[in-house]
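Listing of structure-v3.cif; format and content: mmCIF, C-alpha atoms and all ligand atoms; chains and numbers go by the auth columns.
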```cif
data_structure
#
loop_
_atom_site.group_PDB
_atom_site.id
_atom_site.type_symbol
_atom_site.label_atom_id
_atom_site.label_comp_id
_atom_site.label_asym_id
_atom_site.label_seq_id
_atom_site.Cartn_x
_atom_site.Cartn_y
_atom_site.Cartn_z
_atom_site.B_iso_or_equiv
_atom_site.auth_seq_id
_atom_site.auth_asym_id
ATOM 1 C CA MET A 1 14.536 201.916 256.557 0.00 1 G
ATOM 2 C CA SER A 2 14.400 205.684 256.967 0.00 2 G
ATOM 3 C CA GLU A 3 11.076 207.441 257.481 0.00 3 G
ATOM 4 C CA LEU A 4 9.842 208.695 254.101 0.00 4 G
ATOM 5 C CA ARG A 5 7.186 211.335 253.450 0.00 5 G
ATOM 6 C CA LEU A 6 5.447 212.014 250.153 0.00 6 G
ATOM 7 C CA THR A 7 5.754 215.670 249.106 0.00 7 G
ATOM 8 C CA THR A 8 4.586 217.708 246.111 0.00 8 G
ATOM 9 C CA THR A 9 7.106 219.903 244.276 0.00 9 G
ATOM 10 C CA ASN A 10 6.369 223.202 242.510 0.00 10 G
ATOM 11 C CA ASP A 11 5.609 221.632 239.110 0.00 11 G
ATOM 12 C CA GLY A 12 2.969 219.395 240.729 0.00 12 G
ATOM 13 C CA SER A 13 5.065 216.216 240.591 0.00 13 G
ATOM 14 C CA HIS A 14 5.742 214.255 243.741 0.00 14 G
ATOM 15 C CA SER A 15 8.977 213.739 245.621 0.00 15 G
ATOM 16 C CA LEU A 16 9.964 212.064 248.872 0.00 16 G
ATOM 17 C CA LEU A 17 11.491 213.507 251.987 0.00 17 G
ATOM 18 C CA ASN A 18 13.936 211.258 253.823 0.00 18 G
ATOM 19 C CA ALA A 19 13.023 212.479 257.295 0.00 19 G
ATOM 20 C CA ASP A 20 16.124 210.963 258.950 0.00 20 G
ATOM 21 C CA LEU A 21 18.480 212.930 256.688 0.00 21 G
ATOM 22 C CA ASN A 22 16.006 215.802 256.199 0.00 22 G
ATOM 23 C CA GLU A 23 16.895 215.514 252.500 0.00 23 G
ATOM 24 C CA HIS A 24 14.529 215.470 249.526 0.00 24 G
ATOM 25 C CA TYR A 25 14.846 213.062 246.615 0.00 25 G
ATOM 26 C CA HIS A 26 14.415 215.901 244.094 0.00 26 G
ATOM 27 C CA SER A 27 14.499 219.658 243.655 0.00 27 G
ATOM 28 C CA GLN A 28 11.561 221.342 245.331 0.00 28 G
ATOM 29 C CA HIS A 29 11.273 223.595 242.263 0.00 29 G
ATOM 30 C CA GLY A 30 9.967 220.571 240.350 0.00 30 G
ATOM 31 C CA ALA A 31 11.008 216.928 240.362 0.00 31 G
ATOM 32 C CA LEU A 32 9.788 216.203 236.858 0.00 32 G
ATOM 33 C CA GLN A 33 11.299 219.295 235.260 0.00 33 G
ATOM 34 C CA GLU A 34 14.600 218.686 237.092 0.00 34 G
ATOM 35 C CA SER A 35 14.859 215.116 235.797 0.00 35 G
ATOM 36 C CA ILE A 36 13.998 216.123 232.252 0.00 36 G
ATOM 37 C CA HIS A 37 16.566 218.935 232.234 0.00 37 G
ATOM 38 C CA VAL A 38 19.455 217.208 234.037 0.00 38 G
ATOM 39 C CA PHE A 39 19.294 213.675 232.697 0.00 39 G
ATOM 40 C CA LEU A 40 17.443 213.815 229.364 0.00 40 G
ATOM 41 C CA ARG A 41 18.202 217.201 227.814 0.00 41 G
ATOM 42 C CA SER A 42 21.723 217.574 229.281 0.00 42 G
ATOM 43 C CA ALA A 43 22.946 214.000 228.777 0.00 43 G
ATOM 44 C CA PHE A 44 20.681 211.431 227.057 0.00 44 G
ATOM 45 C CA ASP A 45 20.115 213.688 224.024 0.00 45 G
ATOM 46 C CA LEU A 46 23.868 213.986 223.458 0.00 46 G
ATOM 47 C CA VAL A 47 24.371 210.275 222.757 0.00 47 G
ATOM 48 C CA GLN A 48 23.634 209.708 219.081 0.00 48 G
ATOM 49 C CA LYS A 49 23.722 205.907 218.983 0.00 49 G
ATOM 50 C CA PRO A 50 21.066 203.288 218.248 0.00 50 G
ATOM 51 C CA SER A 51 21.911 201.412 221.455 0.00 51 G
ATOM 52 C CA VAL A 52 22.782 203.178 224.730 0.00 52 G
ATOM 53 C CA SER A 53 23.996 201.718 228.043 0.00 53 G
ATOM 54 C CA ILE A 54 23.115 203.779 231.106 0.00 54 G
ATOM 55 C CA LEU A 55 24.206 203.387 234.735 0.00 55 G
ATOM 56 C CA GLU A 56 22.222 205.238 237.384 0.00 56 G
ATOM 57 C CA TYR A 57 23.348 205.906 240.938 0.00 57 G
ATOM 58 C CA GLY A 58 20.108 205.926 242.960 0.00 58 G
ATOM 59 C CA PHE A 59 17.018 204.234 241.485 0.00 59 G
ATOM 60 C CA GLY A 60 14.769 205.695 244.198 0.00 60 G
ATOM 61 C CA THR A 61 11.357 206.582 242.815 0.00 61 G
ATOM 62 C CA GLY A 62 12.246 205.379 239.291 0.00 62 G
ATOM 63 C CA LEU A 63 11.536 208.801 237.804 0.00 63 G
ATOM 64 C CA ASN A 64 14.708 208.937 235.675 0.00 64 G
ATOM 65 C CA ALA A 65 14.158 205.378 234.484 0.00 65 G
ATOM 66 C CA LEU A 66 10.546 206.179 233.501 0.00 66 G
ATOM 67 C CA LEU A 67 11.517 209.269 231.491 0.00 67 G
ATOM 68 C CA THR A 68 14.353 207.386 229.777 0.00 68 G
ATOM 69 C CA LEU A 69 12.037 204.494 228.943 0.00 69 G
ATOM 70 C CA HIS A 70 9.631 206.970 227.367 0.00 70 G
ATOM 71 C CA GLU A 71 12.477 208.498 225.304 0.00 71 G
ATOM 72 C CA ALA A 72 13.509 205.016 224.211 0.00 72 G
ATOM 73 C CA GLU A 73 10.008 204.364 222.888 0.00 73 G
ATOM 74 C CA LYS A 74 9.924 207.716 221.072 0.00 74 G
ATOM 75 C CA THR A 75 13.419 207.556 219.556 0.00 75 G
ATOM 76 C CA LYS A 76 13.451 203.751 219.005 0.00 76 G
ATOM 77 C CA LYS A 77 16.844 203.606 220.684 0.00 77 G
ATOM 78 C CA LYS A 78 17.631 200.388 222.518 0.00 78 G
ATOM 79 C CA ILE A 79 18.426 201.232 226.144 0.00 79 G
ATOM 80 C CA HIS A 80 20.241 199.002 228.646 0.00 80 G
ATOM 81 C CA TYR A 81 19.549 200.629 232.005 0.00 81 G
ATOM 82 C CA THR A 82 21.330 199.530 235.181 0.00 82 G
ATOM 83 C CA SER A 83 20.441 201.249 238.435 0.00 83 G
ATOM 84 C CA LEU A 84 21.944 200.979 241.916 0.00 84 G
ATOM 85 C CA GLU A 85 19.841 201.371 245.039 0.00 85 G
ATOM 86 C CA ALA A 86 20.641 200.542 248.668 0.00 86 G
ATOM 87 C CA SER A 87 17.090 201.065 249.975 0.00 87 G
ATOM 88 C CA PRO A 88 14.389 200.007 247.497 0.00 88 G
ATOM 89 C CA LEU A 89 11.048 201.679 248.105 0.00 89 G
ATOM 90 C CA ASN A 90 7.964 199.738 249.150 0.00 90 G
ATOM 91 C CA ALA A 91 4.999 199.448 246.795 0.00 91 G
ATOM 92 C CA ASP A 92 2.784 201.414 249.185 0.00 92 G
ATOM 93 C CA ILE A 93 4.965 204.449 248.355 0.00 93 G
ATOM 94 C CA THR A 94 5.689 203.872 244.655 0.00 94 G
ATOM 95 C CA GLU A 95 1.987 203.300 243.918 0.00 95 G
ATOM 96 C CA GLN A 96 1.203 206.830 245.128 0.00 96 G
ATOM 97 C CA LEU A 97 3.744 208.588 242.866 0.00 97 G
ATOM 98 C CA ASN A 98 2.126 210.703 240.145 0.00 98 G
ATOM 99 C CA TYR A 99 4.969 210.703 237.585 0.00 99 G
ATOM 100 C CA ALA A 100 3.245 208.777 234.814 0.00 100 G
ATOM 101 C CA GLU A 101 0.182 211.035 235.007 0.00 101 G
ATOM 102 C CA LYS A 102 2.215 214.275 235.170 0.00 102 G
ATOM 103 C CA ALA A 103 4.503 213.216 232.299 0.00 103 G
ATOM 104 C CA GLY A 104 1.672 211.830 230.151 0.00 104 G
ATOM 105 C CA ILE A 105 3.141 208.308 230.126 0.00 105 G
ATOM 106 C CA ASP A 106 1.271 205.008 230.360 0.00 106 G
ATOM 107 C CA ALA A 107 0.919 204.199 234.089 0.00 107 G
ATOM 108 C CA ASP A 108 1.534 200.491 233.416 0.00 108 G
ATOM 109 C CA LEU A 109 5.074 201.270 232.265 0.00 109 G
ATOM 110 C CA PHE A 110 5.834 202.943 235.586 0.00 110 G
ATOM 111 C CA ALA A 111 4.289 200.073 237.523 0.00 111 G
ATOM 112 C CA ASN A 112 6.355 197.589 235.505 0.00 112 G
ATOM 113 C CA LEU A 113 9.592 199.369 236.423 0.00 113 G
ATOM 114 C CA HIS A 114 8.758 198.907 240.085 0.00 114 G
ATOM 115 C CA ARG A 115 7.404 195.356 239.727 0.00 115 G
ATOM 116 C CA ALA A 116 10.581 194.222 237.955 0.00 116 G
ATOM 117 C CA GLY A 117 12.669 191.942 240.171 0.00 117 G
ATOM 118 C CA TRP A 118 15.977 193.025 241.656 0.00 118 G
ATOM 119 C CA ASN A 119 19.434 191.832 240.643 0.00 119 G
ATOM 120 C CA LYS A 120 18.452 190.490 237.244 0.00 120 G
ATOM 121 C CA VAL A 121 17.898 191.894 233.770 0.00 121 G
ATOM 122 C CA VAL A 122 14.215 192.400 232.908 0.00 122 G
ATOM 123 C CA GLU A 123 12.906 193.355 229.445 0.00 123 G
ATOM 124 C CA ILE A 124 10.387 196.107 230.188 0.00 124 G
ATOM 125 C CA SER A 125 9.759 196.759 226.487 0.00 125 G
ATOM 126 C CA PRO A 126 11.448 195.912 223.162 0.00 126 G
ATOM 127 C CA PHE A 127 13.448 199.132 223.610 0.00 127 G
ATOM 128 C CA PHE A 128 14.243 199.059 227.311 0.00 128 G
ATOM 129 C CA SER A 129 15.933 196.476 229.520 0.00 129 G
ATOM 130 C CA LEU A 130 16.320 197.165 233.228 0.00 130 G
ATOM 131 C CA GLU A 131 18.689 195.775 235.821 0.00 131 G
ATOM 132 C CA LYS A 132 17.969 197.112 239.304 0.00 132 G
ATOM 133 C CA ARG A 133 20.839 196.221 241.619 0.00 133 G
ATOM 134 C CA GLU A 134 20.203 196.317 245.342 0.00 134 G
ATOM 135 C CA GLN A 135 23.655 197.554 246.204 0.00 135 G
ATOM 136 C CA ARG A 136 25.545 200.405 247.833 0.00 136 G
ATOM 137 C CA PHE A 137 27.362 202.748 245.477 0.00 137 G
ATOM 138 C CA GLU A 138 30.535 202.323 247.527 0.00 138 G
ATOM 139 C CA ASP A 139 30.510 198.533 247.015 0.00 139 G
ATOM 140 C CA TYR A 140 29.919 198.470 243.267 0.00 140 G
ATOM 141 C CA SER A 141 32.857 197.788 240.943 0.00 141 G
ATOM 142 C CA PRO A 142 31.405 198.013 237.451 0.00 142 G
ATOM 143 C CA GLU A 143 33.219 196.561 234.447 0.00 143 G
ATOM 144 C CA PRO A 144 35.551 198.986 232.637 0.00 144 G
ATOM 145 C CA ASN A 145 34.429 200.637 229.369 0.00 145 G
ATOM 146 C CA THR A 146 30.797 199.531 229.654 0.00 146 G
ATOM 147 C CA TYR A 147 28.469 202.531 229.845 0.00 147 G
ATOM 148 C CA ASP A 148 27.739 205.468 227.533 0.00 148 G
ATOM 149 C CA LEU A 149 26.067 207.527 230.247 0.00 149 G
ATOM 150 C CA ILE A 150 26.021 207.797 234.025 0.00 150 G
ATOM 151 C CA TYR A 151 23.086 209.470 235.747 0.00 151 G
ATOM 152 C CA PHE A 152 24.578 210.396 239.126 0.00 152 G
ATOM 153 C CA ASP A 153 21.574 211.001 241.371 0.00 153 G
ATOM 154 C CA ALA A 154 22.882 210.458 244.905 0.00 154 G
ATOM 155 C CA PHE A 155 21.811 212.562 247.861 0.00 155 G
ATOM 156 C CA ALA A 156 23.707 215.863 247.988 0.00 156 G
ATOM 157 C CA PRO A 157 27.356 215.795 249.116 0.00 157 G
ATOM 158 C CA ASN A 158 26.660 217.504 252.455 0.00 158 G
ATOM 159 C CA TYR A 159 24.209 214.703 253.346 0.00 159 G
ATOM 160 C CA HIS A 160 26.093 211.794 251.823 0.00 160 G
ATOM 161 C CA PRO A 161 29.772 212.667 251.201 0.00 161 G
ATOM 162 C CA GLU A 162 30.848 209.024 250.685 0.00 162 G
ATOM 163 C CA ALA A 163 28.788 208.843 247.486 0.00 163 G
ATOM 164 C CA TRP A 164 30.905 211.619 245.952 0.00 164 G
ATOM 165 C CA SER A 165 34.298 210.254 247.006 0.00 165 G
ATOM 166 C CA ALA A 166 37.252 209.916 244.644 0.00 166 G
ATOM 167 C CA ASP A 167 36.847 206.101 244.856 0.00 167 G
ATOM 168 C CA VAL A 168 33.221 206.176 243.664 0.00 168 G
ATOM 169 C CA LEU A 169 33.932 208.765 240.967 0.00 169 G
ATOM 170 C CA THR A 170 36.982 206.790 239.781 0.00 170 G
ATOM 171 C CA ALA A 171 34.724 203.744 239.359 0.00 171 G
ATOM 172 C CA CYS A 172 32.404 205.975 237.294 0.00 172 G
ATOM 173 C CA TYR A 173 35.280 207.144 235.128 0.00 173 G
ATOM 174 C CA LYS A 174 36.583 203.639 234.499 0.00 174 G
ATOM 175 C CA THR A 175 33.228 202.143 233.632 0.00 175 G
ATOM 176 C CA LEU A 176 32.395 204.805 231.049 0.00 176 G
ATOM 177 C CA LYS A 177 33.293 204.181 227.434 0.00 177 G
ATOM 178 C CA THR A 178 35.556 206.747 225.736 0.00 178 G
ATOM 179 C CA LYS A 179 33.540 209.976 225.253 0.00 179 G
ATOM 180 C CA GLY A 180 31.032 208.681 227.818 0.00 180 G
ATOM 181 C CA ILE A 181 29.123 211.263 229.860 0.00 181 G
ATOM 182 C CA TRP A 182 28.632 211.582 233.637 0.00 182 G
ATOM 183 C CA VAL A 183 25.932 214.011 234.706 0.00 183 G
ATOM 184 C CA SER A 184 24.518 215.320 237.966 0.00 184 G
ATOM 185 C CA TYR A 185 22.274 218.070 239.300 0.00 185 G
ATOM 186 C CA CYS A 186 25.128 219.015 241.642 0.00 186 G
ATOM 187 C CA ALA A 187 27.317 222.077 240.993 0.00 187 G
ATOM 188 C CA GLN A 188 29.623 222.037 244.022 0.00 188 G
ATOM 189 C CA GLY A 189 33.223 223.124 243.483 0.00 189 G
ATOM 190 C CA ALA A 190 34.600 220.258 245.576 0.00 190 G
ATOM 191 C CA VAL A 191 32.790 217.690 243.403 0.00 191 G
ATOM 192 C CA ARG A 192 34.024 219.429 240.275 0.00 192 G
ATOM 193 C CA ARG A 193 37.601 219.227 241.541 0.00 193 G
ATOM 194 C CA THR A 194 37.270 215.542 242.448 0.00 194 G
ATOM 195 C CA LEU A 195 35.843 214.778 239.006 0.00 195 G
ATOM 196 C CA MET A 196 38.806 216.541 237.387 0.00 196 G
ATOM 197 C CA SER A 197 41.288 214.761 239.654 0.00 197 G
ATOM 198 C CA VAL A 198 40.014 211.336 238.566 0.00 198 G
ATOM 199 C CA GLY A 199 40.315 212.251 234.877 0.00 199 G
ATOM 200 C CA PHE A 200 37.061 213.846 233.706 0.00 200 G
ATOM 201 C CA ASP A 201 36.802 216.875 231.446 0.00 201 G
ATOM 202 C CA VAL A 202 34.230 218.834 233.445 0.00 202 G
ATOM 203 C CA GLU A 203 31.773 221.531 232.379 0.00 203 G
ATOM 204 C CA LYS A 204 29.499 223.710 234.469 0.00 204 G
ATOM 205 C CA ILE A 205 26.309 224.010 232.475 0.00 205 G
ATOM 206 C CA PRO A 206 22.951 225.720 233.118 0.00 206 G
ATOM 207 C CA GLY A 207 20.939 223.918 235.779 0.00 207 G
ATOM 208 C CA PRO A 208 17.224 223.124 235.916 0.00 208 G
ATOM 209 C CA PRO A 209 14.710 225.837 236.900 0.00 209 G
ATOM 210 C CA GLY A 210 15.664 227.245 240.306 0.00 210 G
ATOM 211 C CA LYS A 211 19.305 226.163 240.041 0.00 211 G
ATOM 212 C CA ARG A 212 21.923 228.214 238.220 0.00 212 G
ATOM 213 C CA GLU A 213 24.421 225.473 237.373 0.00 213 G
ATOM 214 C CA MET A 214 25.052 221.726 237.322 0.00 214 G
ATOM 215 C CA LEU A 215 27.995 219.499 236.395 0.00 215 G
ATOM 216 C CA ARG A 216 28.688 217.332 233.385 0.00 216 G
ATOM 217 C CA GLY A 217 31.860 215.279 232.921 0.00 217 G
ATOM 218 C CA ARG A 218 33.239 213.494 229.864 0.00 218 G
ATOM 219 C CA LYS A 219 35.756 210.735 229.600 0.00 219 G
ATOM 220 C CA ALA A 220 38.357 212.025 227.157 0.00 220 G
HETATM 221 C C1 LIG B . 18.492 211.880 245.463 0.00 301 G
HETATM 222 S S1 LIG B . 17.677 210.293 245.678 0.00 301 G
HETATM 223 C C2 LIG B . 17.247 210.093 243.957 0.00 301 G
HETATM 224 C C3 LIG B . 16.802 208.783 243.514 0.00 301 G
HETATM 225 C C4 LIG B . 16.147 208.619 242.133 0.00 301 G
HETATM 226 N N1 LIG B . 17.032 208.849 241.028 0.00 301 G
HETATM 227 C C5 LIG B . 14.835 209.322 242.009 0.00 301 G
HETATM 228 O O1 LIG B . 14.649 210.104 241.076 0.00 301 G
HETATM 229 O O2 LIG B . 13.979 209.082 242.851 0.00 301 G
HETATM 230 C C6 LIG B . 19.091 209.263 246.060 0.00 301 G
HETATM 231 C C7 LIG B . 18.849 207.787 246.101 0.00 301 G
HETATM 232 O O3 LIG B . 20.082 207.123 246.430 0.00 301 G
HETATM 233 C C8 LIG B . 19.806 206.070 247.345 0.00 301 G
HETATM 234 N N2 LIG B . 21.022 205.854 248.159 0.00 301 G
HETATM 235 C C9 LIG B . 21.451 206.609 249.195 0.00 301 G
HETATM 236 N N3 LIG B . 22.631 206.136 249.652 0.00 301 G
HETATM 237 C C10 LIG B . 22.966 205.080 248.866 0.00 301 G
HETATM 238 C C11 LIG B . 24.103 204.212 248.823 0.00 301 G
HETATM 239 N N4 LIG B . 25.112 204.333 249.664 0.00 301 G
HETATM 240 N N5 LIG B . 24.115 203.256 247.873 0.00 301 G
HETATM 241 C C12 LIG B . 23.062 203.110 247.011 0.00 301 G
HETATM 242 N N6 LIG B . 21.969 203.902 247.020 0.00 301 G
HETATM 243 C C13 LIG B . 21.924 204.893 247.928 0.00 301 G
HETATM 244 C C14 LIG B . 18.644 206.574 248.164 0.00 301 G
HETATM 245 O O4 LIG B . 17.950 205.510 248.783 0.00 301 G
HETATM 246 C C15 LIG B . 17.829 207.306 247.117 0.00 301 G
HETATM 247 O O5 LIG B . 16.936 206.441 246.492 0.00 301 G
#
```

Give the structure from this file in structure tokens form.
Ligand SMILES: C[S@@+](CC[C@H](N)C(=O)[O-])C[C@H]1O[C@@H](n2cnc3c(N)ncnc32)[C@H](O)[C@@H]1O
Amino acid sequence: MSELRLTTTNDGSHSLLNADLNEHYHSQHGALQESIHVFLRSAFDLVQKPSVSILEYGFGTGLNALLTLHEAEKTKKKIHYTSLEASPLNADITEQLNYAEKAGIDADLFANLHRAGWNKVVEISPFFSLEKREQRFEDYSPEPNTYDLIYFDAFAPNYHPEAWSADVLTACYKTLKTKGIWVSYCAQGAVRRTLMSVGFDVEKIPGPPGKREMLRGRKA
């Protein structure tokens, strides 16, 4: 397990520094505001269905899952949330994270996301089921035409190029339903070109505070 350090980002929400990679889990401009902008406002809000299946690459701190769970409760949408993670965090770290407090969400919900067992489906609430899969992105072959949304939250391509390979992004494309959405904080031209080469319609859209652009792909 890499050495991890708790950090505080500019909006007051925590993040982690992977000291081996020297890479942060979130934008230093604000972890909470980045997650809300990239995954909720730029992707989740676009799916107008009563039941939504989401696949996340990188469960990490569980921040995206927490915010999506909260949206599920507010909108009464039924969310099936699957998340891949090669290195689950220990409770001594997750118990320090201030996301529930900063987002004004019940702290028990956040604790329940982390207490949920791995590699099985757990009903966190009537509106949110969670399957955390302890698995490398590169080894996962999801079923075709399964997900409405993909939250792609891997470490940046310069730190972890394999996560952004044509093979991984092809698996993303195949597992999305028609009109499904892939979204990431990343705006790199090379990633954009790989997304296009595997079939996505790709847009560069405004990024979260501190970042001009980010990428969103759609399965035609
Ligand atoms: C940028 S962090 C973001 C995680 C999470 N979404 C969050 O908000 O905390 C990337 C995550 O991907 C995980 N990861 C890195 N390489 C991986 C791999 N090959 N397969 C699966 N997970 C990986 C890391 O452990 C880390 O939790």

Assuming the chain letters and numbering stay as they are in my file, what does the PyMOL selection byres (((chain G and resi 13) around 8) and not hetatm) actually select? List them as a ChimeraX atom specification. /G:8-12,14-15,30-32,98-99,102

6 Å shell around ligand LIG 301 (chain G) using all atoms listed in the file, listed as a VMD selection string: chain G and resid 25 to 26 58 to 64 84 to 87 135 to 137 153 to 155

Name the residues that the PyMOL selection byres (((chain G and resi 146) around 8) and not hetatm) pulls out of this structure, and write them as a ChimeraX atom specification. /G:53,142-145,147-148,175-177

Taking the file above as input, evaluate the PyMOL selection byres (((chain G and resi 187-195) around 8) and not hetatm) and report the hits as a list in words. Trp164, Ser165, Ala166, Leu169, Ser184, Tyr185, Cys186, Met196, Ser197, Val198, Gly199, Phe200, Asp201, Val202, Lys204, Glu213, Met214, Leu215 and Gly217 of chain G

In Å, how far is it from atom CA of G:Pro208 to atom CA of G:Arg41?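 Value for the atom CA of G:Pro208-atom CA of G:Arg41 distance: 10.1 Å.
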